[in-house]
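Participant: One file: coords_24.cif (mmCIF, C-alpha atoms).
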data_work
loop_
_atom_site.label_atom_id
_atom_site.label_comp_id
_atom_site.auth_asym_id
_atom_site.auth_seq_id
_atom_site.Cartn_x
_atom_site.Cartn_y
_atom_site.Cartn_z
CA SER T 1021 60.66 42.02 182.62
CA ARG T 1022 62.93 40.54 185.28
CA ARG T 1023 61.62 40.66 188.80
CA ARG T 1024 63.55 42.96 191.09
CA PRO T 1025 65.38 40.87 193.74
CA PRO T 1026 63.99 41.36 197.26
CA LEU T 1027 67.08 43.02 198.73
CA ALA T 1028 68.00 45.18 195.74
CA ASP T 1029 70.11 48.23 196.66
CA MET T 1030 70.65 47.00 200.24
CA LYS T 1031 74.10 46.96 201.80
CA ALA T 1032 75.36 44.27 204.15
CA VAL T 1033 78.02 44.52 206.86
CA ILE T 1034 79.78 41.20 207.47
CA LEU T 1035 81.82 40.74 210.64
CA VAL T 1036 85.07 38.97 209.78
CA GLY T 1037 87.43 40.55 212.30
CA GLY T 1038 87.53 37.85 215.00
CA PHE T 1039 90.66 35.93 215.95
CA GLY T 1040 89.05 32.51 215.42
CA THR T 1041 90.79 31.09 218.49
CA ARG T 1042 88.39 28.15 218.74
CA LEU T 1043 89.54 26.93 215.31
CA ARG T 1044 93.24 26.89 216.07
CA PRO T 1045 95.62 25.67 214.74
CA LEU T 1046 93.89 26.24 211.37
CA THR T 1047 93.44 29.94 212.10
CA LEU T 1048 97.09 30.44 212.99
CA SER T 1049 97.54 30.78 209.23
CA VAL T 1050 94.33 32.39 207.96
CA PRO T 1051 91.21 34.05 209.42
CA LYS T 1052 88.38 31.57 209.91
CA GLN T 1053 86.15 33.10 207.21
CA MET T 1054 88.93 32.42 204.70
CA LEU T 1055 89.04 28.71 205.51
CA PRO T 1056 87.75 26.53 202.69
CA MET T 1057 84.19 25.25 202.76
CA GLY T 1058 84.13 22.79 199.92
CA GLY T 1059 85.85 24.34 196.91
CA VAL T 1060 85.52 28.00 197.98
CA THR T 1061 86.07 30.04 201.13
CA MET T 1062 83.46 30.27 203.86
CA LEU T 1063 83.16 34.01 203.15
CA GLN T 1064 82.51 33.46 199.46
CA ARG T 1065 79.59 31.19 200.26
CA VAL T 1066 78.08 33.82 202.57
CA VAL T 1067 78.47 36.64 200.02
CA GLU T 1068 77.19 34.54 197.12
CA HIS T 1069 73.97 33.90 199.05
CA LEU T 1070 73.49 37.64 199.63
CA GLY T 1071 74.28 38.52 196.03
CA GLY T 1072 71.54 36.21 194.83
CA LEU T 1073 69.06 38.25 196.89
CA GLY T 1074 70.15 41.52 195.26
CA VAL T 1075 72.46 42.93 197.96
CA GLU T 1076 74.33 45.70 196.12
CA GLU T 1077 77.42 46.01 198.28
CA VAL T 1078 79.14 44.11 201.07
CA VAL T 1079 81.20 45.93 203.68
CA LEU T 1080 83.73 43.67 205.39
CA SER T 1081 84.50 44.67 208.95
CA LEU T 1082 88.11 43.54 209.24
CA GLY T 1083 90.39 43.20 212.23
CA TYR T 1084 92.56 40.09 212.37
CA GLN T 1085 94.90 39.57 209.37
CA PRO T 1086 93.12 42.02 207.00
CA GLU T 1087 95.85 41.56 204.39
CA VAL T 1088 94.66 37.99 203.74
CA PHE T 1089 91.25 39.27 202.58
CA LEU T 1090 92.79 42.06 200.50
CA LYS T 1091 95.13 39.61 198.79
CA GLU T 1092 92.40 37.02 198.11
CA PHE T 1093 89.91 39.54 196.72
CA PRO T 1094 92.03 42.35 195.23
CA ASP T 1095 89.49 43.41 192.60
CA GLY T 1096 86.96 44.83 195.04
CA GLU T 1097 84.38 42.09 194.57
CA ILE T 1098 83.47 38.67 195.93
CA ALA T 1099 81.25 36.30 193.95
CA GLY T 1100 80.32 39.23 191.70
CA VAL T 1101 79.23 41.46 194.60
CA PRO T 1102 81.10 44.77 195.11
CA VAL T 1103 83.01 44.75 198.39
CA ARG T 1104 84.38 47.53 200.55
CA TYR T 1105 86.86 47.07 203.40
CA ALA T 1106 86.64 48.70 206.83
CA VAL T 1107 89.74 47.85 208.88
CA GLU T 1108 89.30 48.43 212.62
CA PRO T 1109 92.16 50.44 214.18
CA GLU T 1110 91.69 48.26 217.28
CA PRO T 1111 89.23 45.49 218.28
CA LEU T 1112 85.83 47.15 218.74
CA ASP T 1113 83.69 44.07 219.57
CA THR T 1114 80.57 43.22 217.57
CA GLY T 1115 78.55 46.42 218.04
CA GLY T 1116 81.56 48.67 217.61
CA ALA T 1117 82.65 46.76 214.51
CA ILE T 1118 79.22 47.00 212.85
CA ALA T 1119 78.99 50.72 213.60
CA PHE T 1120 82.55 51.39 212.42
CA ALA T 1121 81.97 49.57 209.13
CA ALA T 1122 78.56 51.17 208.52
CA ARG T 1123 79.91 54.66 209.16
CA HIS T 1124 82.96 53.96 207.00
CA ALA T 1125 80.66 52.97 204.13
CA GLY T 1126 78.28 55.90 204.65
CA ILE T 1127 75.27 53.64 205.26
CA ASP T 1128 72.21 55.80 205.89
CA SER T 1129 69.31 53.42 205.19
CA THR T 1130 68.12 50.00 206.38
CA PHE T 1131 70.97 47.49 206.17
CA LEU T 1132 71.93 43.91 206.95
CA ALA T 1133 74.57 42.85 209.46
CA LEU T 1134 75.75 39.29 209.87
CA ASN T 1135 78.45 37.09 211.33
CA GLY T 1136 80.82 35.78 208.68
CA ASP T 1137 81.30 32.36 210.26
CA VAL T 1138 77.64 31.33 210.19
CA LEU T 1139 76.51 29.10 207.33
CA THR T 1140 72.77 29.23 206.75
CA ASP T 1141 70.02 28.89 204.17
CA LEU T 1142 68.03 31.54 206.04
CA ASP T 1143 65.46 33.40 203.93
CA VAL T 1144 66.91 36.87 204.48
CA ALA T 1145 64.18 38.38 202.29
CA GLU T 1146 61.56 37.02 204.69
CA LEU T 1147 63.48 38.54 207.62
CA TRP T 1148 63.53 41.89 205.79
CA ALA T 1149 59.80 41.76 205.03
CA PHE T 1150 58.98 40.92 208.66
CA HIS T 1151 61.18 43.80 209.82
CA ARG T 1152 59.24 46.20 207.59
CA SER T 1153 55.93 44.91 208.92
CA THR T 1154 56.79 45.54 212.60
CA GLY T 1155 58.17 49.05 212.27
CA GLY T 1156 60.93 48.07 214.72
CA ALA T 1157 64.46 49.42 214.72
CA ALA T 1158 66.13 46.01 214.49
CA THR T 1159 65.12 42.43 213.76
CA ILE T 1160 67.14 39.34 214.68
CA ALA T 1161 66.91 35.99 212.91
CA LEU T 1162 66.50 33.19 215.44
CA THR T 1163 67.38 29.53 215.21
CA GLU T 1164 66.54 26.63 217.54
CA VAL T 1165 69.45 24.78 219.13
CA GLU T 1166 69.81 21.89 221.54
CA ASP T 1167 72.17 23.69 223.95
CA PRO T 1168 71.32 27.41 224.14
CA SER T 1169 73.98 28.14 226.79
CA ARG T 1170 76.56 28.95 224.07
CA TYR T 1171 74.40 31.63 222.45
CA GLY T 1172 72.24 34.71 222.96
CA VAL T 1173 68.85 33.38 224.04
CA VAL T 1174 65.84 35.35 222.75
CA PRO T 1175 62.30 34.88 224.20
CA LEU T 1176 59.57 36.55 222.12
CA ALA T 1177 56.15 38.06 222.73
CA ALA T 1178 53.26 36.90 220.51
CA ASP T 1179 53.88 39.75 218.03
CA GLY T 1180 57.57 38.89 217.65
CA ARG T 1181 58.86 41.62 219.95
CA VAL T 1182 61.95 40.54 221.89
CA GLU T 1183 61.19 40.38 225.61
CA ALA T 1184 64.76 39.80 226.76
CA PHE T 1185 68.21 39.14 225.37
CA ILE T 1186 70.13 36.70 227.55
CA GLU T 1187 73.70 36.23 226.38
CA LYS T 1188 75.14 32.75 227.13
CA PRO T 1189 72.96 31.75 230.10
CA GLU T 1190 74.08 29.08 232.56
CA PRO T 1191 73.19 25.56 231.30
CA GLY T 1192 69.63 24.62 232.20
CA THR T 1193 68.49 28.19 232.89
CA ALA T 1194 67.47 29.36 229.39
CA PRO T 1195 63.74 30.18 229.01
CA THR T 1196 63.75 29.05 225.35
CA HIS T 1197 65.93 27.17 222.88
CA TRP T 1198 65.54 29.90 220.24
CA VAL T 1199 68.81 31.83 219.97
CA ASN T 1200 70.42 34.66 218.04
CA ALA T 1201 71.33 33.31 214.59
CA GLY T 1202 73.77 36.14 213.82
CA THR T 1203 71.81 37.83 211.00
CA TYR T 1204 70.18 41.21 211.61
CA VAL T 1205 68.16 43.83 209.74
CA LEU T 1206 69.02 47.22 211.26
CA GLU T 1207 67.79 50.77 210.88
CA PRO T 1208 70.62 53.31 210.73
CA ASP T 1209 69.54 54.98 214.00
CA VAL T 1210 70.61 51.80 215.83
CA LEU T 1211 74.14 53.13 215.31
CA ASP T 1212 73.30 56.02 217.66
CA LEU T 1213 73.56 53.50 220.51
CA VAL T 1214 77.25 52.95 219.74
CA PRO T 1215 79.66 55.81 220.56
CA ASP T 1216 82.02 56.57 217.67
CA GLY T 1217 85.17 54.44 217.89
CA ALA T 1218 84.10 52.78 221.12
CA ARG T 1219 84.36 49.10 222.01
CA CYS T 1220 80.78 47.85 222.27
CA SER T 1221 78.99 44.47 222.17
CA ILE T 1222 75.78 44.35 220.14
CA GLU T 1223 74.69 41.30 222.15
CA ARG T 1224 75.48 42.55 225.66
CA GLU T 1225 74.87 46.31 225.27
CA VAL T 1226 72.94 47.34 222.15
CA PHE T 1227 70.25 44.63 222.05
CA PRO T 1228 69.39 44.82 225.78
CA ALA T 1229 69.05 48.62 225.43
CA MET T 1230 66.69 48.11 222.49
CA VAL T 1231 64.64 45.57 224.48
CA ALA T 1232 64.10 48.29 227.08
CA GLN T 1233 62.96 50.63 224.27
CA ARG T 1234 60.61 47.91 222.92
CA ARG T 1235 62.17 48.38 219.45
CA LEU T 1236 63.78 44.96 218.97
CA PHE T 1237 62.02 42.10 217.15
CA GLY T 1238 62.91 38.52 216.31
CA LEU T 1239 61.84 36.02 213.67
CA GLN T 1240 62.08 32.28 214.29
CA ALA T 1241 63.49 30.41 211.27
CA SER T 1242 63.71 26.67 210.65
CA ALA T 1243 66.31 26.95 207.86
CA TYR T 1244 69.65 25.14 207.93
CA TRP T 1245 72.07 26.94 210.30
CA ILE T 1246 75.47 26.17 211.72
CA ASP T 1247 78.03 28.30 213.55
CA ALA T 1248 81.18 26.95 211.92
CA GLY T 1249 83.51 28.48 214.52
CA THR T 1250 84.72 25.24 216.15
CA PRO T 1251 86.53 22.24 214.63
CA GLU T 1252 83.52 20.01 215.35
CA ALA T 1253 81.07 22.41 213.65
CA TYR T 1254 83.47 23.15 210.78
CA LEU T 1255 83.78 19.43 210.07
CA GLN T 1256 80.01 18.93 210.47
CA ALA T 1257 79.32 21.70 207.93
CA HIS T 1258 81.35 19.75 205.35
CA LEU T 1259 79.61 16.48 206.18
CA ASP T 1260 76.23 18.23 205.86
CA MET T 1261 77.20 19.38 202.36
CA LEU T 1262 78.28 15.88 201.42
CA ASP T 1263 75.00 14.49 202.76
CA GLY T 1264 72.96 16.98 200.68
CA LEU T 1265 71.52 18.87 203.66
CA ARG T 1266 72.21 22.19 201.91
CA GLY T 1267 69.89 21.30 199.04
CA SER T 1268 72.48 20.01 196.57
CA PHE T 1269 75.26 17.48 196.82
CA GLU T 1270 78.78 18.90 196.76
CA PRO T 1271 81.57 17.11 194.89
CA ALA T 1272 83.62 15.23 197.45
CA VAL T 1273 86.92 15.16 195.58
CA SER T 1274 88.41 18.06 193.61
CA ASP T 1275 89.13 17.37 189.94
CA SER T 1276 92.81 18.11 190.54
CA ALA T 1277 93.16 15.85 193.61
CA ARG T 1278 94.82 12.46 193.21
CA VAL T 1279 93.36 9.54 195.13
CA ASP T 1280 95.15 6.22 194.57
CA ALA T 1281 92.94 3.35 193.45
CA GLY T 1282 94.22 1.42 196.46
CA ALA T 1283 93.09 4.10 198.93
CA MET T 1284 89.76 4.07 200.78
CA LEU T 1285 87.74 7.30 200.83
CA LYS T 1286 84.39 7.59 202.62
CA ARG T 1287 82.21 10.67 203.30
CA SER T 1288 85.17 13.04 203.07
CA MET T 1289 86.17 16.16 201.13
CA VAL T 1290 89.53 16.27 199.38
CA GLY T 1291 90.71 19.65 198.11
CA ALA T 1292 92.50 20.79 194.96
CA GLY T 1293 95.91 19.24 194.38
CA ALA T 1294 95.71 17.01 197.46
CA THR T 1295 96.98 13.43 197.27
CA VAL T 1296 95.83 10.28 199.05
CA ALA T 1297 98.33 7.43 198.63
CA VAL T 1298 97.90 3.68 198.31
CA GLY T 1299 96.52 1.95 201.39
CA ALA T 1300 95.50 5.22 203.04
CA ARG T 1301 92.07 5.45 204.64
CA VAL T 1302 90.13 8.75 204.93
CA VAL T 1303 86.71 8.65 206.65
CA ASP T 1304 84.38 11.51 207.70
CA SER T 1305 87.20 14.02 207.26
CA VAL T 1306 88.35 17.15 205.44
CA VAL T 1307 91.64 17.14 203.53
CA MET T 1308 92.42 20.66 202.31
CA ALA T 1309 94.14 21.77 199.11
CA GLY T 1310 97.65 20.49 198.53
CA ALA T 1311 97.71 18.20 201.57
CA ARG T 1312 99.37 14.79 201.28
CA ILE T 1313 98.14 11.63 202.99
CA SER T 1314 100.95 9.09 202.78
CA ALA T 1315 100.69 5.34 202.25
CA GLY T 1316 98.89 3.38 204.92
CA ALA T 1317 97.80 6.43 206.93
CA SER T 1318 94.35 6.44 208.56
CA ILE T 1319 92.39 9.70 208.97
CA THR T 1320 89.04 9.46 210.77
CA ARG T 1321 86.78 12.37 211.70
CA SER T 1322 89.65 14.85 211.45
CA ILE T 1323 90.71 18.01 209.60
CA ILE T 1324 93.93 18.19 207.61
CA GLY T 1325 95.09 21.73 206.77
CA ALA T 1326 96.32 22.94 203.38
CA ARG T 1327 99.68 21.56 202.25
CA ALA T 1328 100.10 19.46 205.41
CA VAL T 1329 101.91 16.15 205.05
CA ILE T 1330 100.66 13.11 206.98
CA GLY T 1331 103.44 10.53 207.23
CA GLU T 1332 103.15 6.83 206.40
CA GLY T 1333 101.16 4.73 208.82
CA CYS T 1334 99.83 7.68 210.86
CA GLU T 1335 96.52 7.20 212.67
CA LEU T 1336 94.61 10.43 213.38
CA SER T 1337 91.08 10.34 214.78
CA GLU T 1338 88.45 11.98 217.04
CA LEU T 1339 88.73 15.54 215.73
CA SER T 1340 92.46 15.70 215.30
CA VAL T 1341 93.32 19.02 213.62
CA VAL T 1342 96.46 19.50 211.54
CA GLY T 1343 97.43 23.10 210.74
CA PHE T 1344 98.52 24.47 207.39
CA ASP T 1345 101.95 23.31 206.12
CA GLU T 1346 102.46 20.94 209.09
CA ASP T 1347 104.41 17.69 208.78
CA VAL T 1348 103.09 14.85 210.96
CA PRO T 1349 105.86 12.23 211.39
CA ALA T 1350 105.33 8.68 210.12
CA GLY T 1351 103.71 6.35 212.64
CA THR T 1352 102.10 9.11 214.73
CA VAL T 1353 98.96 7.90 216.54
CA GLU T 1354 96.68 10.61 218.01
CA ALA T 1355 93.03 10.87 219.00
CA GLY T 1356 91.94 14.50 219.25
CA GLY T 1357 95.48 15.74 218.62
CA HIS T 1358 96.54 19.20 217.46
CA PHE T 1359 99.50 19.87 215.16
CA PRO T 1360 101.24 22.06 216.20
CA PRO T 1361 100.20 21.46 219.84
CA PRO T 1362 98.65 24.29 221.91
CA THR T 1363 101.95 24.79 223.78
CA GLU T 1364 103.36 26.22 220.52
CA TRP T 1365 100.47 28.59 219.78
CA PRO T 1366 101.03 32.33 220.34
CA ALA T 1367 99.35 33.81 223.41
#
For the structure just supplied, provide its representation as structure tokens.
Facilitator:
Amino acid sequence: SRRRPPLADMKAVILVGGFGTRLRPLTLSVPKQMLPMGGVTMLQRVVEHLGGLGVEEVVLSLGYQPEVFLKEFPDGEIAGVPVRYAVEPEPLDTGGAIAFAARHAGIDSTFLALNGDVLTDLDVAELWAFHRSTGGAATIALTEVEDPSRYGVVPLAADGRVEAFIEKPEPGTAPTHWVNAGTYVLEPDVLDLVPDGARCSIEREVFPAMVAQRRLFGLQASAYWIDAGTPEAYLQAHLDMLDGLRGSFEPAVSDSARVDAGAMLKRSMVGAGATVAVGARVVDSVVMAGARISAGASITRSIIGARAVIGEGCELSELSVVGFDEDVPAGTVEAGGHFPPPTEWPA
């Protein structure tokens, strides 16, 4: 008989309601979790991983541009996993959003909660088993980073109990480099710490309260992990896939893309229907679906949004980011440029 998957019957709340401001101008068009990661969306990769572990239902906590998710996944499932939508009436922050979604879905047993812009090969089943063994109310997956000042820093006691939760400490002050990896196993009574409909941060309010109650645990994990919420990290996540760091090599060029024999392509992803013309050079970059790289253009370590057109002879480098449907005039030379520029972004 088939073995029962480790997370069978569990539900997972995925936070996808953020504005994605760090990834502008790409997120002027779509929420960050709906950006492509290889041939599928970032969200689809996250859900597919959970489905393979037996998660029975995903609840998407939506805020920014919910209609994009509803349009992309109209059949109530993602990667074969049933999905339910919980659309926040107003921004509720991370704790409020988790509680709102869990209540909306009627969750009354142990559940998963995770950030939708984190790409990881974390063994969630191991996190779940450790959570069961401690008898705690919540367990956080931890990952080790070089600069912990951007994250929630989590020092542990010998038994895995969290001794403090220090959100974004000043550089050089963190007591450890192990930080909140954005995946949690939660007991339903954790929701009691979040007033109904209230704006509440799980990192700044709920977790510190649980530290005081001695009910919060953490598990250090060495698995692949990246917070893909910045252009640099988003690009790096693609390069990691191309380099085989996720366990299998991803195809670099979509079957429906057209790359001229006289073009040079190196360590780059080219999406469906995209074209790279003669004499163009694309290195360490992402070219999304339907984009057009014109003759003689040079793209280095940059991100080209869907259906964008890069004019002849353009030179874009050093994390230049071109938004969806943008036209970059022929001969443009930019290092670290944004198209459209920040002066044209909405407040």
Participant: Please determine, counting all atoms listed in the file, which residue among T:Met1230, T:Val1279, T:Leu1112, T:Met1261 has the shortest atom-to-atom distance to Ala1218 of chain T.
Facilitator: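 Ranking T:Met1230, T:Val1279, T:Leu1112, T:Met1261 by distance to Ala1218 of chain T, first place goes to T:Leu1112.
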Participant: Take the PyMOL selection byres ((chain T and resi 1335-1352) around 6), apply it to the structure above, and return the hits as a list of chain:residue names.
Facilitator: T:Pro1045, T:Leu1046, T:Ala1317, T:Ser1318, T:Ile1319, T:Thr1320, T:Arg1321, T:Ser1322, T:Ile1323, T:Ile1324, T:Gly1325, T:Ala1326, T:Arg1327, T:Ala1328, T:Val1329, T:Ile1330, T:Gly1331, T:Glu1332, T:Gly1333, T:Cys1334, T:Val1353, T:Glu1354, T:Ala1355, T:Gly1356, T:Gly1357, T:His1358, T:Phe1359
Participant: What gap, in Å, lies between atom CA of Tyr1244 of chain T and atom CA of Leu1082 of chain T?
Facilitator: 26.1 Å
Participant: Using all atoms listed in the file, which residue out of T:Pro1094, T:Arg1266, T:Pro1025, T:Thr1041 lies closest to Val1144 of chain T?
Facilitator: T:Pro1025
Participant: Between T:Pro1208, T:Thr1114, T:Pro1251, T:Gly1310, which residue has the minimum interatomic distance to Glu1225 of chain T, considering all atoms listed in the file?
Facilitator: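 Closest to Glu1225 of chain T, using all atoms listed in the file: T:Thr1114.
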Participant: Might you spell out which residues the PyMOL selection byres ((chain T and resi 1077) around 6) would select in the displayed file, as an MDAnalysis selection string?
Facilitator: chainID T and resid 1031 1075:1076 1078 1102:1103
Participant: Which one of T:Leu1132, T:Val1205, T:Phe1237, T:Val1138 sits closest to Ala1178 of chain T if you count only C-alpha atoms?
Facilitator: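 Closest residue, counting only C-alpha atoms: T:Phe1237.
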Participant: Report the distance between atom CA of Glu1164 of chain T and atom CA of Val1199 of chain T in Å, rounded to one decimal place.
Facilitator: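 Value for the atom CA of Glu1164 of chain T-atom CA of Val1199 of chain T distance: 6.2 Å.
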Participant: May I have the residues within 10 Å of Gly1040 of chain T as a PyMOL selection string, using all atoms listed in the file and disregarding those fewer than 5 positions away in the same chain?
Facilitator: chain T and resi 1045-1048+1050-1053+1084+1137+1249-1250
Participant: Atoms to include: C-alpha atoms. Write the selected residues as a JSON list (two decimals), in the coordinates of the input.
Facilitator:
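Saved to again_5.json:
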[["chain", "number", "residue", "atom", "x", "y", "z"],
["T", 1045, "PRO", "CA", 95.62, 25.67, 214.74],
["T", 1046, "LEU", "CA", 93.89, 26.24, 211.37],
["T", 1047, "THR", "CA", 93.44, 29.94, 212.10],
["T", 1048, "LEU", "CA", 97.09, 30.44, 212.99],
["T", 1050, "VAL", "CA", 94.33, 32.39, 207.96],
["T", 1051, "PRO", "CA", 91.21, 34.05, 209.42],
["T", 1052, "LYS", "CA", 88.38, 31.57, 209.91],
["T", 1053, "GLN", "CA", 86.15, 33.10, 207.21],
["T", 1084, "TYR", "CA", 92.56, 40.09, 212.37],
["T", 1137, "ASP", "CA", 81.30, 32.36, 210.26],
["T", 1249, "GLY", "CA", 83.51, 28.48, 214.52],
["T", 1250, "THR", "CA", 84.72, 25.24, 216.15]]
Participant: Applying the PyMOL selection byres ((chain T and resi 1274) around 6) to the file I just gave you, which residues come out? Please list them as a PyMOL selection string.
Facilitator: chain T and resi 1273+1275-1277+1291-1292
Participant: Anything within 10 Å of (83.6, 44.6, 207.7): list those residues as a PyMOL selection string, counting only C-alpha atoms and sticking to the file's coordinates.
Facilitator: chain T and resi 1032-1037+1078-1083+1086+1103-1108+1117-1122+1124-1125+1133-1136
Participant: With distances taken over all atoms listed in the file, which residue among T:Pro1195, T:Gly1071, T:Pro1362, T:Gly1316 lies nearest Leu1176 of chain T?
Facilitator: T:Pro1195
Participant: So, with all atoms listed in the file as the atoms that count, which of T:Ile1186, T:Ile1246, T:Ala1300, T:Val1066 lies closest to Tyr1171 of chain T?
Facilitator: T:Ile1186
Participant: Using only C-alpha atoms, which residues sit within 7 Å of Pro1168 of chain T once same-chain residues fewer than 2 positions away are excluded, as a count of residues only?
Facilitator: 8
Participant: Rounded to one decimal place, report the atom CA of Glu1183 of chain T-atom CA of Ile1222 of chain T distance in Å.
Facilitator: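 Computing it gives 16.1 Å between the two atoms.
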Participant: Skipping near chain neighbours, those fewer than 2 positions away, what residues fall within 8 Å of Ala1145 of chain T using only C-alpha atoms, listed as an MDAnalysis selection string?
Facilitator: chainID T and resid 1026:1027 1073 1143 1147:1149
Participant: Quick one: everything within 10 Å of His1069 of chain T, counting all atoms listed in the file, minus sequence neighbours fewer than 5 positions away in the same chain. Send it as a PDB file with C-alpha atoms, in the coordinates of the input.
Facilitator:
ATOM      1  CA  GLN T1064      82.510  33.460 199.460  1.00  0.00           C
ATOM      2  CA  GLY T1074      70.150  41.520 195.260  1.00  0.00           C
ATOM      3  CA  VAL T1075      72.460  42.930 197.960  1.00  0.00           C
ATOM      4  CA  ALA T1099      81.250  36.300 193.950  1.00  0.00           C
ATOM      5  CA  LEU T1139      76.510  29.100 207.330  1.00  0.00           C
ATOM      6  CA  THR T1140      72.770  29.230 206.750  1.00  0.00           C
ATOM      7  CA  ASP T1141      70.020  28.890 204.170  1.00  0.00           C
ATOM      8  CA  LEU T1142      68.030  31.540 206.040  1.00  0.00           C
ATOM      9  CA  ASP T1143      65.460  33.400 203.930  1.00  0.00           C
ATOM     10  CA  VAL T1144      66.910  36.870 204.480  1.00  0.00           C
TER      11      VAL T1144
END
Participant: Save segment 1318-1334 of chain T of the structure in the block above to a file, with N, CA and C atoms included, as a CSV table (one decimal), in the first residue's frame.
Facilitator:
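Contents of result.csv, freshly written:
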chain,number,residue,atom,x,y,z
T,1318,SER,N,22.9,44.4,-25.7
T,1318,SER,CA,23.7,43.6,-24.7
T,1318,SER,C,23.0,43.7,-23.4
T,1319,ILE,N,22.6,42.5,-22.8
T,1319,ILE,CA,21.9,42.4,-21.5
T,1319,ILE,C,22.8,41.6,-20.6
T,1320,THR,N,23.3,42.3,-19.5
T,1320,THR,CA,24.2,41.6,-18.6
T,1320,THR,C,23.6,41.7,-17.2
T,1321,ARG,N,23.5,40.6,-16.5
T,1321,ARG,CA,23.0,40.6,-15.1
T,1321,ARG,C,21.8,41.6,-14.9
T,1322,SER,N,20.8,41.3,-15.7
T,1322,SER,CA,19.6,42.2,-15.6
T,1322,SER,C,18.3,41.4,-15.8
T,1323,ILE,N,17.2,42.0,-15.6
T,1323,ILE,CA,15.9,41.4,-15.7
T,1323,ILE,C,15.0,42.1,-16.7
T,1324,ILE,N,14.5,41.4,-17.7
T,1324,ILE,CA,13.7,42.0,-18.7
T,1324,ILE,C,12.3,41.4,-18.5
T,1325,GLY,N,11.3,42.3,-18.3
T,1325,GLY,CA,9.9,41.9,-18.0
T,1325,GLY,C,9.2,41.4,-19.2
T,1326,ALA,N,8.1,40.7,-19.0
T,1326,ALA,CA,7.3,40.1,-20.1
T,1326,ALA,C,6.9,41.2,-21.1
T,1327,ARG,N,7.0,40.8,-22.3
T,1327,ARG,CA,6.6,41.6,-23.5
T,1327,ARG,C,7.4,42.9,-23.7
T,1328,ALA,N,8.4,43.1,-22.9
T,1328,ALA,CA,9.2,44.3,-23.1
T,1328,ALA,C,10.0,44.3,-24.4
T,1329,VAL,N,10.3,45.4,-24.9
T,1329,VAL,CA,11.1,45.5,-26.2
T,1329,VAL,C,12.4,46.2,-25.9
T,1330,ILE,N,13.5,45.6,-26.1
T,1330,ILE,CA,14.8,46.2,-25.9
T,1330,ILE,C,15.4,46.6,-27.3
T,1331,GLY,N,15.5,47.9,-27.5
T,1331,GLY,CA,15.9,48.4,-28.9
T,1331,GLY,C,17.3,48.0,-29.3
T,1332,GLU,N,17.5,48.2,-30.6
T,1332,GLU,CA,18.8,47.8,-31.2
T,1332,GLU,C,20.0,48.5,-30.5
T,1333,GLY,N,21.1,47.8,-30.2
T,1333,GLY,CA,22.3,48.4,-29.7
T,1333,GLY,C,22.2,48.8,-28.2
T,1334,CYS,N,21.1,48.5,-27.5
T,1334,CYS,CA,21.0,48.9,-26.1
T,1334,CYS,C,22.1,48.1,-25.3
